[in-house]
Amino acid sequence: MRVYVPLTLPGLAEAHKAGLLGPGPVDAYAVTPALREWYVSDDIEELEYAALSRAAQGSLRRLAADPRAPRRRVVVAVDVPDTAVTADPDRGLDQSALGEVRLVEAVPLKKAASVHVDADDAEEDVAAAAAALGAADRGDADAQFTVDGADDHELMWFGVQEIPNLV
C-alpha cells in the first residue's frame, strides 16, 4: 500500500538523519474506502493524488504548529505492507479524517518512493495558510479561502536520493 506521510523540512531532516519515518505510530494518508467513496472515482491515480493532497493539508497543520519551520509543505510517499497500516473505523466518514491512516511502527526511509515539496514561490501562500488555519477551523470563510490558496501550488516531485539537497 502506498501511504503519504506529512512532514515539514525539519521533520524530513530528522527522518534523513535517523533513516526512519517515526517513531511509530506515524500519521499518514492513503486511499481508504472512505476516501474512495468521497472522491467518487475508480481511477487509482486520481485517488492517490487525493490522498497526497490530504497529506499536504496534514503538512500544513504541522507547519502551523511549528512557526520556525520553513513555510513549505512536505510529503513522503512510502510503500508498506497492508498489515503495517491501521485506520480508525470511528472516524472513517468524518470529513476531516478522510484518508487518515496510521503506520503501526516506524518505517525505514529507504522504503520511500518519493518526496513531494512546495517550490520556493509557494512559501508566501503557505505561510499565510498556516497562519489562517486556526481561524479557518473555527469557521471563518475568509481564513478558509486563504488556507485553500495553498492548494493552488502543486507539490514538486523529488527522488529519495535528492533528500540531502532538500534538507
# chains A, B, ... in the order shown; residues from 1 in each chain; ligands from 1

$ select_by_dssp --residues "segment 21-167 of chain A" --states "strand (DSSP E or B)" --output "tab-separated table (two decimals) with all heavy atoms, in the first residue's frame"
chain	number	residue	atom	x	y	z
A	21	LEU	N	11.17	7.09	9.27
A	21	LEU	CA	9.99	7.92	9.47
A	21	LEU	C	9.36	7.38	10.75
A	21	LEU	O	8.83	6.28	10.79
A	21	LEU	CB	9.01	7.78	8.31
A	21	LEU	CG	9.46	8.39	7.00
A	21	LEU	CD1	8.58	7.90	5.87
A	21	LEU	CD2	9.43	9.90	7.09
A	26	VAL	N	2.96	6.39	13.22
A	26	VAL	CA	3.19	7.51	12.30
A	26	VAL	C	1.88	7.83	11.60
A	26	VAL	O	1.26	6.95	10.99
A	26	VAL	CB	4.27	7.14	11.25
A	26	VAL	CG1	4.46	8.27	10.26
A	26	VAL	CG2	5.58	6.78	11.94
A	27	ASP	N	1.44	9.09	11.68
A	27	ASP	CA	0.23	9.51	10.98
A	27	ASP	C	0.52	9.62	9.49
A	27	ASP	O	1.58	10.12	9.09
A	27	ASP	CB	-0.25	10.86	11.51
A	27	ASP	CG	-0.74	10.78	12.94
A	27	ASP	OD1	-1.23	9.70	13.35
A	27	ASP	OD2	-0.62	11.78	13.67
A	28	ALA	N	-0.42	9.17	8.68
A	28	ALA	CA	-0.25	9.20	7.23
A	28	ALA	C	-1.62	9.25	6.56
A	28	ALA	O	-2.66	9.28	7.24
A	28	ALA	CB	0.53	7.96	6.78
A	29	TYR	N	-1.61	9.26	5.25
A	29	TYR	CA	-2.84	9.27	4.44
A	29	TYR	C	-2.68	8.24	3.34
A	29	TYR	O	-1.58	7.99	2.86
A	29	TYR	CB	-3.09	10.66	3.84
A	29	TYR	CG	-3.38	11.67	4.91
A	29	TYR	CD1	-2.36	12.28	5.62
A	29	TYR	CD2	-4.70	11.99	5.25
A	29	TYR	CE1	-2.63	13.18	6.64
A	29	TYR	CE2	-4.97	12.89	6.26
A	29	TYR	CZ	-3.93	13.48	6.95
A	29	TYR	OH	-4.20	14.36	7.96
A	74	VAL	N	5.68	19.36	3.02
A	74	VAL	CA	6.50	18.20	2.66
A	74	VAL	C	5.67	16.94	2.86
A	74	VAL	O	5.03	16.79	3.91
A	74	VAL	CB	7.77	18.12	3.54
A	74	VAL	CG1	8.57	16.87	3.22
A	74	VAL	CG2	8.62	19.38	3.40
A	75	VAL	N	5.70	16.05	1.89
A	75	VAL	CA	5.01	14.76	1.99
A	75	VAL	C	5.96	13.70	1.45
A	75	VAL	O	6.55	13.86	0.38
A	75	VAL	CB	3.70	14.75	1.17
A	75	VAL	CG1	3.07	13.36	1.19
A	75	VAL	CG2	2.73	15.80	1.69
A	76	VAL	N	6.09	12.61	2.21
A	76	VAL	CA	6.91	11.49	1.76
A	76	VAL	C	5.98	10.33	1.41
A	76	VAL	O	5.13	9.95	2.21
A	76	VAL	CB	7.90	11.04	2.87
A	76	VAL	CG1	8.71	9.83	2.41
A	76	VAL	CG2	8.84	12.19	3.25
A	77	ALA	N	6.13	9.81	0.19
A	77	ALA	CA	5.34	8.66	-0.26
A	77	ALA	C	6.13	7.40	0.06
A	77	ALA	O	7.31	7.29	-0.28
A	77	ALA	CB	5.07	8.76	-1.76
A	78	VAL	N	5.47	6.47	0.76
A	78	VAL	CA	6.14	5.25	1.22
A	78	VAL	C	5.28	4.05	0.86
A	78	VAL	O	4.05	4.08	1.02
A	78	VAL	CB	6.34	5.29	2.75
A	78	VAL	CG1	7.12	4.08	3.23
A	78	VAL	CG2	7.02	6.57	3.18
A	79	ASP	N	5.92	2.98	0.42
A	79	ASP	CA	5.23	1.73	0.16
A	79	ASP	C	5.43	0.80	1.35
A	79	ASP	O	6.57	0.52	1.74
A	79	ASP	CB	5.75	1.09	-1.12
A	79	ASP	CG	5.41	1.92	-2.34
A	79	ASP	OD1	4.27	2.41	-2.43
A	79	ASP	OD2	6.28	2.10	-3.21
A	85	VAL	N	-0.58	-0.89	8.32
A	85	VAL	CA	-1.46	0.28	8.34
A	85	VAL	C	-2.75	-0.02	9.10
A	85	VAL	O	-3.35	-1.08	8.92
A	85	VAL	CB	-1.80	0.70	6.89
A	85	VAL	CG1	-2.73	1.89	6.88
A	85	VAL	CG2	-0.54	1.00	6.11
A	86	THR	N	-3.15	0.93	9.94
A	86	THR	CA	-4.46	0.83	10.60
A	86	THR	C	-5.23	2.11	10.33
A	86	THR	O	-4.64	3.16	10.07
A	86	THR	CB	-4.33	0.63	12.13
A	86	THR	OG1	-3.67	1.78	12.68
A	86	THR	CG2	-3.55	-0.62	12.46
A	100	GLU	N	-7.16	9.28	6.39
A	100	GLU	CA	-6.23	9.14	7.51
A	100	GLU	C	-5.96	7.67	7.81
A	100	GLU	O	-6.89	6.87	7.89
A	100	GLU	CB	-6.81	9.76	8.79
A	100	GLU	CG	-6.58	11.21	8.93
A	100	GLU	CD	-7.08	11.74	10.28
A	100	GLU	OE1	-7.47	10.95	11.17
A	100	GLU	OE2	-7.09	12.96	10.42
A	101	VAL	N	-4.71	7.36	7.99
A	101	VAL	CA	-4.29	6.04	8.45
A	101	VAL	C	-3.14	6.25	9.43
A	101	VAL	O	-2.62	7.35	9.58
A	101	VAL	CB	-3.85	5.12	7.30
A	101	VAL	CG1	-5.01	4.81	6.36
A	101	VAL	CG2	-2.67	5.70	6.53
A	102	ARG	N	-2.76	5.17	10.07
A	102	ARG	CA	-1.64	5.23	11.00
A	102	ARG	C	-0.73	4.04	10.72
A	102	ARG	O	-1.19	2.92	10.59
A	102	ARG	CB	-2.15	5.19	12.43
A	102	ARG	CG	-1.05	5.29	13.45
A	102	ARG	CD	-1.59	5.66	14.78
A	102	ARG	NE	-1.84	7.11	14.73
A	102	ARG	CZ	-2.50	7.76	15.64
A	102	ARG	NH1	-3.00	7.15	16.68
A	102	ARG	NH2	-2.68	9.05	15.54
A	103	LEU	N	0.55	4.33	10.59
A	103	LEU	CA	1.55	3.28	10.46
A	103	LEU	C	1.88	2.82	11.87
A	103	LEU	O	2.22	3.64	12.73
A	103	LEU	CB	2.80	3.79	9.76
A	103	LEU	CG	2.56	4.29	8.33
A	103	LEU	CD1	3.78	5.01	7.81
A	103	LEU	CD2	2.20	3.13	7.44
A	107	VAL	N	9.01	3.52	9.91
A	107	VAL	CA	9.27	2.94	8.60
A	107	VAL	C	10.65	3.40	8.15
A	107	VAL	O	10.95	4.60	8.19
A	107	VAL	CB	8.21	3.42	7.58
A	107	VAL	CG1	8.51	2.89	6.20
A	107	VAL	CG2	6.82	3.01	8.02
A	108	PRO	N	11.50	2.46	7.71
A	108	PRO	CA	12.80	2.87	7.17
A	108	PRO	C	12.62	3.82	5.99
A	108	PRO	O	11.79	3.57	5.10
A	108	PRO	CB	13.45	1.56	6.73
A	108	PRO	CG	12.72	0.49	7.49
A	108	PRO	CD	11.33	1.01	7.69
A	112	ALA	N	10.88	4.66	1.13
A	112	ALA	CA	10.21	5.80	0.49
A	112	ALA	C	10.31	5.69	-1.02
A	112	ALA	O	11.35	5.27	-1.56
A	112	ALA	CB	10.80	7.12	0.97
A	113	ALA	N	9.24	6.05	-1.69
A	113	ALA	CA	9.20	6.03	-3.15
A	113	ALA	C	9.54	7.40	-3.72
A	113	ALA	O	10.17	7.50	-4.78
A	113	ALA	CB	7.82	5.60	-3.63
A	114	SER	N	9.14	8.46	-3.01
A	114	SER	CA	9.37	9.82	-3.49
A	114	SER	C	9.10	10.81	-2.36
A	114	SER	O	8.53	10.46	-1.32
A	114	SER	CB	8.46	10.13	-4.69
A	114	SER	OG	7.10	9.97	-4.33
A	115	VAL	N	9.52	12.04	-2.61
A	115	VAL	CA	9.30	13.14	-1.68
A	115	VAL	C	8.64	14.26	-2.49
A	115	VAL	O	9.03	14.52	-3.63
A	115	VAL	CB	10.62	13.64	-1.05
A	115	VAL	CG1	10.36	14.78	-0.10
A	115	VAL	CG2	11.34	12.50	-0.36
A	116	HIS	N	7.65	14.90	-1.89
A	116	HIS	CA	6.92	15.98	-2.55
A	116	HIS	C	7.03	17.23	-1.68
A	116	HIS	O	6.71	17.19	-0.49
A	116	HIS	CB	5.46	15.57	-2.75
A	116	HIS	CG	5.34	14.27	-3.48
A	116	HIS	ND1	5.16	14.19	-4.83
A	116	HIS	CD2	5.43	12.98	-3.04
A	116	HIS	CE1	5.13	12.92	-5.20
A	116	HIS	NE2	5.29	12.17	-4.12
A	117	VAL	N	7.51	18.33	-2.29
A	117	VAL	CA	7.79	19.55	-1.54
A	117	VAL	C	7.32	20.76	-2.34
A	117	VAL	O	7.44	20.78	-3.57
A	117	VAL	CB	9.31	19.68	-1.26
A	117	VAL	CG1	9.63	20.92	-0.44
A	117	VAL	CG2	9.84	18.43	-0.55
A	156	MET	N	6.17	19.67	-5.76
A	156	MET	CA	7.13	19.15	-6.73
A	156	MET	C	7.57	17.75	-6.30
A	156	MET	O	7.62	17.46	-5.11
A	156	MET	CB	8.34	20.08	-6.81
A	156	MET	CG	7.99	21.47	-7.28
A	156	MET	SD	9.43	22.54	-7.55
A	156	MET	CE	10.45	22.24	-6.14
A	157	TRP	N	7.89	16.92	-7.29
A	157	TRP	CA	8.32	15.55	-7.04
A	157	TRP	C	9.84	15.49	-6.97
A	157	TRP	O	10.53	16.10	-7.79
A	157	TRP	CB	7.84	14.67	-8.19
A	157	TRP	CG	8.18	13.22	-8.04
A	157	TRP	CD1	7.36	12.26	-7.53
A	157	TRP	CD2	9.40	12.55	-8.39
A	157	TRP	NE1	8.01	11.03	-7.54
A	157	TRP	CE2	9.26	11.20	-8.06
A	157	TRP	CE3	10.60	12.98	-8.94
A	157	TRP	CZ2	10.26	10.26	-8.29
A	157	TRP	CZ3	11.61	12.04	-9.15
A	157	TRP	CH2	11.42	10.70	-8.82
A	158	PHE	N	10.35	14.77	-5.97
A	158	PHE	CA	11.79	14.56	-5.84
A	158	PHE	C	12.04	13.08	-5.58
A	158	PHE	O	11.27	12.43	-4.86
A	158	PHE	CB	12.37	15.36	-4.66
A	158	PHE	CG	12.31	16.84	-4.87
A	158	PHE	CD1	11.23	17.58	-4.41
A	158	PHE	CD2	13.34	17.51	-5.53
A	158	PHE	CE1	11.18	18.94	-4.60
A	158	PHE	CE2	13.29	18.88	-5.73
A	158	PHE	CZ	12.21	19.60	-5.27

$ residues_around --residues "segment 140-151 of chain A" --least-positions-apart "6" --cutoff "8 Å" --atoms "only C-alpha atoms" --output "JSON list (two decimals) with all heavy atoms, in the first residue's frame"
[["chain", "number", "residue", "atom", "x", "y", "z"],
["A", 53, "SER", "N", -2.92, 15.00, -1.56],
["A", 53, "SER", "CA", -3.44, 16.33, -1.21],
["A", 53, "SER", "C", -3.86, 16.39, 0.26],
["A", 53, "SER", "O", -3.64, 17.40, 0.93],
["A", 53, "SER", "CB", -4.63, 16.68, -2.11],
["A", 53, "SER", "OG", -4.21, 16.77, -3.45],
["A", 122, "ALA", "N", 5.97, 29.13, -3.42],
["A", 122, "ALA", "CA", 4.75, 28.85, -2.66],
["A", 122, "ALA", "C", 4.83, 29.34, -1.22],
["A", 122, "ALA", "O", 3.81, 29.41, -0.54],
["A", 122, "ALA", "CB", 4.47, 27.35, -2.66],
["A", 125, "ASP", "N", 2.24, 32.00, 0.18],
["A", 125, "ASP", "CA", 0.86, 31.50, 0.31],
["A", 125, "ASP", "C", 0.76, 30.43, 1.39],
["A", 125, "ASP", "O", -0.23, 30.36, 2.12],
["A", 125, "ASP", "CB", 0.37, 30.93, -1.02],
["A", 125, "ASP", "CG", 0.09, 32.02, -2.05],
["A", 125, "ASP", "OD1", -0.11, 33.19, -1.66],
["A", 125, "ASP", "OD2", 0.09, 31.69, -3.26],
["A", 126, "VAL", "N", 1.78, 29.57, 1.50],
["A", 126, "VAL", "CA", 1.77, 28.53, 2.52],
["A", 126, "VAL", "C", 1.88, 29.16, 3.91],
["A", 126, "VAL", "O", 1.20, 28.75, 4.85],
["A", 126, "VAL", "CB", 2.89, 27.50, 2.27],
["A", 126, "VAL", "CG1", 3.04, 26.53, 3.45],
["A", 126, "VAL", "CG2", 2.59, 26.72, 0.98],
["A", 128, "ALA", "N", 0.81, 32.16, 4.77],
["A", 128, "ALA", "CA", -0.50, 32.76, 5.05],
["A", 128, "ALA", "C", -1.51, 31.68, 5.43],
["A", 128, "ALA", "O", -2.31, 31.86, 6.36],
["A", 128, "ALA", "CB", -0.97, 33.56, 3.85],
["A", 129, "ALA", "N", -1.47, 30.56, 4.73],
["A", 129, "ALA", "CA", -2.40, 29.46, 5.01],
["A", 129, "ALA", "C", -2.17, 28.89, 6.40],
["A", 129, "ALA", "O", -3.12, 28.64, 7.15],
["A", 129, "ALA", "CB", -2.27, 28.36, 3.96],
["A", 130, "ALA", "N", -0.91, 28.70, 6.77],
["A", 130, "ALA", "CA", -0.59, 28.17, 8.11],
["A", 130, "ALA", "C", -1.07, 29.13, 9.19],
["A", 130, "ALA", "O", -1.62, 28.71, 10.22],
["A", 130, "ALA", "CB", 0.90, 27.91, 8.23],
["A", 132, "ALA", "N", -3.56, 31.21, 8.97],
["A", 132, "ALA", "CA", -5.02, 31.31, 8.95],
["A", 132, "ALA", "C", -5.72, 30.01, 9.36],
["A", 132, "ALA", "O", -6.95, 30.00, 9.52],
["A", 132, "ALA", "CB", -5.49, 31.71, 7.55],
["A", 133, "LEU", "N", -4.99, 28.95, 9.54],
["A", 133, "LEU", "CA", -5.59, 27.64, 9.77],
["A", 133, "LEU", "C", -6.51, 27.60, 10.99],
["A", 133, "LEU", "O", -7.61, 27.06, 10.93],
["A", 133, "LEU", "CB", -4.48, 26.59, 9.90],
["A", 133, "LEU", "CG", -4.90, 25.14, 9.76],
["A", 133, "LEU", "CD1", -5.64, 24.88, 8.46],
["A", 133, "LEU", "CD2", -3.67, 24.25, 9.84]]

$ select_by_dssp --residues "segment 3-114 of chain A" --states "alpha helix (DSSP H)" --output "ChimeraX atom specification"
/A:9-18,33-39,44-65

$ write_last_selection --atoms "N, CA and C atoms" --output "tab-separated table (two decimals), in the first residue's frame"
chain	number	residue	atom	x	y	z
A	9	LEU	N	10.10	20.50	6.57
A	9	LEU	CA	11.50	20.32	6.21
A	9	LEU	C	12.36	19.89	7.40
A	10	PRO	N	12.17	20.47	8.61
A	10	PRO	CA	12.93	19.95	9.75
A	10	PRO	C	12.58	18.48	10.06
A	11	GLY	N	11.34	18.10	9.89
A	11	GLY	CA	10.94	16.71	10.10
A	11	GLY	C	11.60	15.79	9.08
A	12	LEU	N	11.72	16.25	7.84
A	12	LEU	CA	12.40	15.47	6.81
A	12	LEU	C	13.88	15.34	7.14
A	13	ALA	N	14.47	16.42	7.65
A	13	ALA	CA	15.89	16.37	8.04
A	13	ALA	C	16.10	15.35	9.16
A	14	GLU	N	15.19	15.32	10.14
A	14	GLU	CA	15.28	14.34	11.23
A	14	GLU	C	15.15	12.92	10.70
A	15	ALA	N	14.19	12.70	9.80
A	15	ALA	CA	13.99	11.38	9.22
A	15	ALA	C	15.22	10.94	8.43
A	16	HIS	N	15.81	11.89	7.70
A	16	HIS	CA	17.01	11.58	6.92
A	16	HIS	C	18.17	11.19	7.84
A	17	LYS	N	18.33	11.95	8.90
A	17	LYS	CA	19.43	11.67	9.85
A	17	LYS	C	19.23	10.31	10.53
A	18	ALA	N	18.00	10.01	10.93
A	18	ALA	CA	17.70	8.76	11.63
A	18	ALA	C	17.54	7.57	10.67
A	33	PRO	N	-11.27	3.21	1.95
A	33	PRO	CA	-12.64	3.10	1.42
A	33	PRO	C	-13.42	4.41	1.54
A	34	ALA	N	-13.25	5.12	2.64
A	34	ALA	CA	-13.97	6.39	2.81
A	34	ALA	C	-13.50	7.43	1.80
A	35	LEU	N	-12.19	7.47	1.52
A	35	LEU	CA	-11.67	8.41	0.53
A	35	LEU	C	-12.21	8.05	-0.85
A	36	ARG	N	-12.27	6.77	-1.16
A	36	ARG	CA	-12.84	6.33	-2.46
A	36	ARG	C	-14.30	6.79	-2.59
A	37	GLU	N	-15.06	6.61	-1.52
A	37	GLU	CA	-16.48	6.99	-1.55
A	37	GLU	C	-16.64	8.50	-1.69
A	38	TRP	N	-15.83	9.25	-0.99
A	38	TRP	CA	-15.91	10.71	-1.03
A	38	TRP	C	-15.49	11.23	-2.39
A	39	TYR	N	-14.42	10.68	-2.95
A	39	TYR	CA	-13.88	11.19	-4.21
A	39	TYR	C	-14.67	10.70	-5.42
A	44	ILE	N	-7.15	5.02	-9.95
A	44	ILE	CA	-6.21	4.95	-8.83
A	44	ILE	C	-5.27	6.16	-8.79
A	45	GLU	N	-4.89	6.69	-9.94
A	45	GLU	CA	-4.01	7.87	-9.94
A	45	GLU	C	-4.72	9.07	-9.34
A	46	GLU	N	-5.98	9.25	-9.67
A	46	GLU	CA	-6.75	10.36	-9.08
A	46	GLU	C	-6.91	10.17	-7.58
A	47	LEU	N	-7.17	8.93	-7.16
A	47	LEU	CA	-7.34	8.65	-5.74
A	47	LEU	C	-6.04	8.87	-4.97
A	48	GLU	N	-4.93	8.45	-5.55
A	48	GLU	CA	-3.64	8.66	-4.89
A	48	GLU	C	-3.31	10.15	-4.81
A	49	TYR	N	-3.68	10.90	-5.84
A	49	TYR	CA	-3.47	12.35	-5.80
A	49	TYR	C	-4.32	12.97	-4.69
A	50	ALA	N	-5.54	12.46	-4.51
A	50	ALA	CA	-6.39	12.95	-3.43
A	50	ALA	C	-5.76	12.64	-2.07
A	51	ALA	N	-5.19	11.45	-1.90
A	51	ALA	CA	-4.51	11.10	-0.65
A	51	ALA	C	-3.28	11.98	-0.44
A	52	LEU	N	-2.53	12.24	-1.50
A	52	LEU	CA	-1.37	13.14	-1.42
A	52	LEU	C	-1.82	14.54	-1.00
A	53	SER	N	-2.92	15.00	-1.56
A	53	SER	CA	-3.44	16.33	-1.21
A	53	SER	C	-3.86	16.39	0.26
A	54	ARG	N	-4.46	15.31	0.75
A	54	ARG	CA	-4.84	15.26	2.17
A	54	ARG	C	-3.57	15.31	3.04
A	55	ALA	N	-2.52	14.63	2.61
A	55	ALA	CA	-1.26	14.66	3.36
A	55	ALA	C	-0.64	16.06	3.32
A	56	ALA	N	-0.79	16.76	2.19
A	56	ALA	CA	-0.28	18.14	2.11
A	56	ALA	C	-1.01	19.02	3.13
A	57	GLN	N	-2.31	18.78	3.31
A	57	GLN	CA	-3.05	19.51	4.34
A	57	GLN	C	-2.54	19.15	5.73
A	58	GLY	N	-2.18	17.88	5.92
A	58	GLY	CA	-1.58	17.46	7.20
A	58	GLY	C	-0.24	18.14	7.44
A	59	SER	N	0.53	18.32	6.38
A	59	SER	CA	1.80	19.03	6.49
A	59	SER	C	1.56	20.49	6.87
A	60	LEU	N	0.53	21.09	6.29
A	60	LEU	CA	0.19	22.48	6.62
A	60	LEU	C	-0.13	22.60	8.12
A	61	ARG	N	-0.81	21.62	8.67
A	61	ARG	CA	-1.12	21.63	10.11
A	61	ARG	C	0.17	21.55	10.93
A	62	ARG	N	1.12	20.76	10.46
A	62	ARG	CA	2.41	20.68	11.16
A	62	ARG	C	3.15	22.01	11.08
A	63	LEU	N	3.05	22.68	9.94
A	63	LEU	CA	3.68	23.99	9.81
A	63	LEU	C	3.05	25.01	10.75
A	64	ALA	N	1.73	24.94	10.89
A	64	ALA	CA	1.03	25.86	11.80
A	64	ALA	C	1.50	25.65	13.24
A	65	ALA	N	1.87	24.42	13.58
A	65	ALA	CA	2.33	24.12	14.93
A	65	ALA	C	3.81	24.41	15.14

$ closest_residue --among "A:Glu154, A:Asp66, A:Asp88, A:Asp120" --to "Thr8 of chain A" --atoms "only C-alpha atoms"
A:Asp66

$ closest_residue --among "A:Asn165, A:Pro23, A:Ala135, A:Asp152" --to "Asp121 of chain A" --atoms "only C-alpha atoms"
A:Asp152

$ atom_distance --atom1 "atom CA of His153 of chain A" --atom2 "atom CA of Leu109 of chain A"
25.4 Å

$ closest_residue --among "A:Leu7, A:Leu20, A:Val40, A:Ala136" --to "Arg71 of chain A" --atoms "only C-alpha atoms"
A:Leu7

$ closest_residue --among "A:Pro70, A:Pro25, A:Glu123, A:Leu155" --to "Val167 of chain A" --atoms "only C-alpha atoms"
A:Pro70
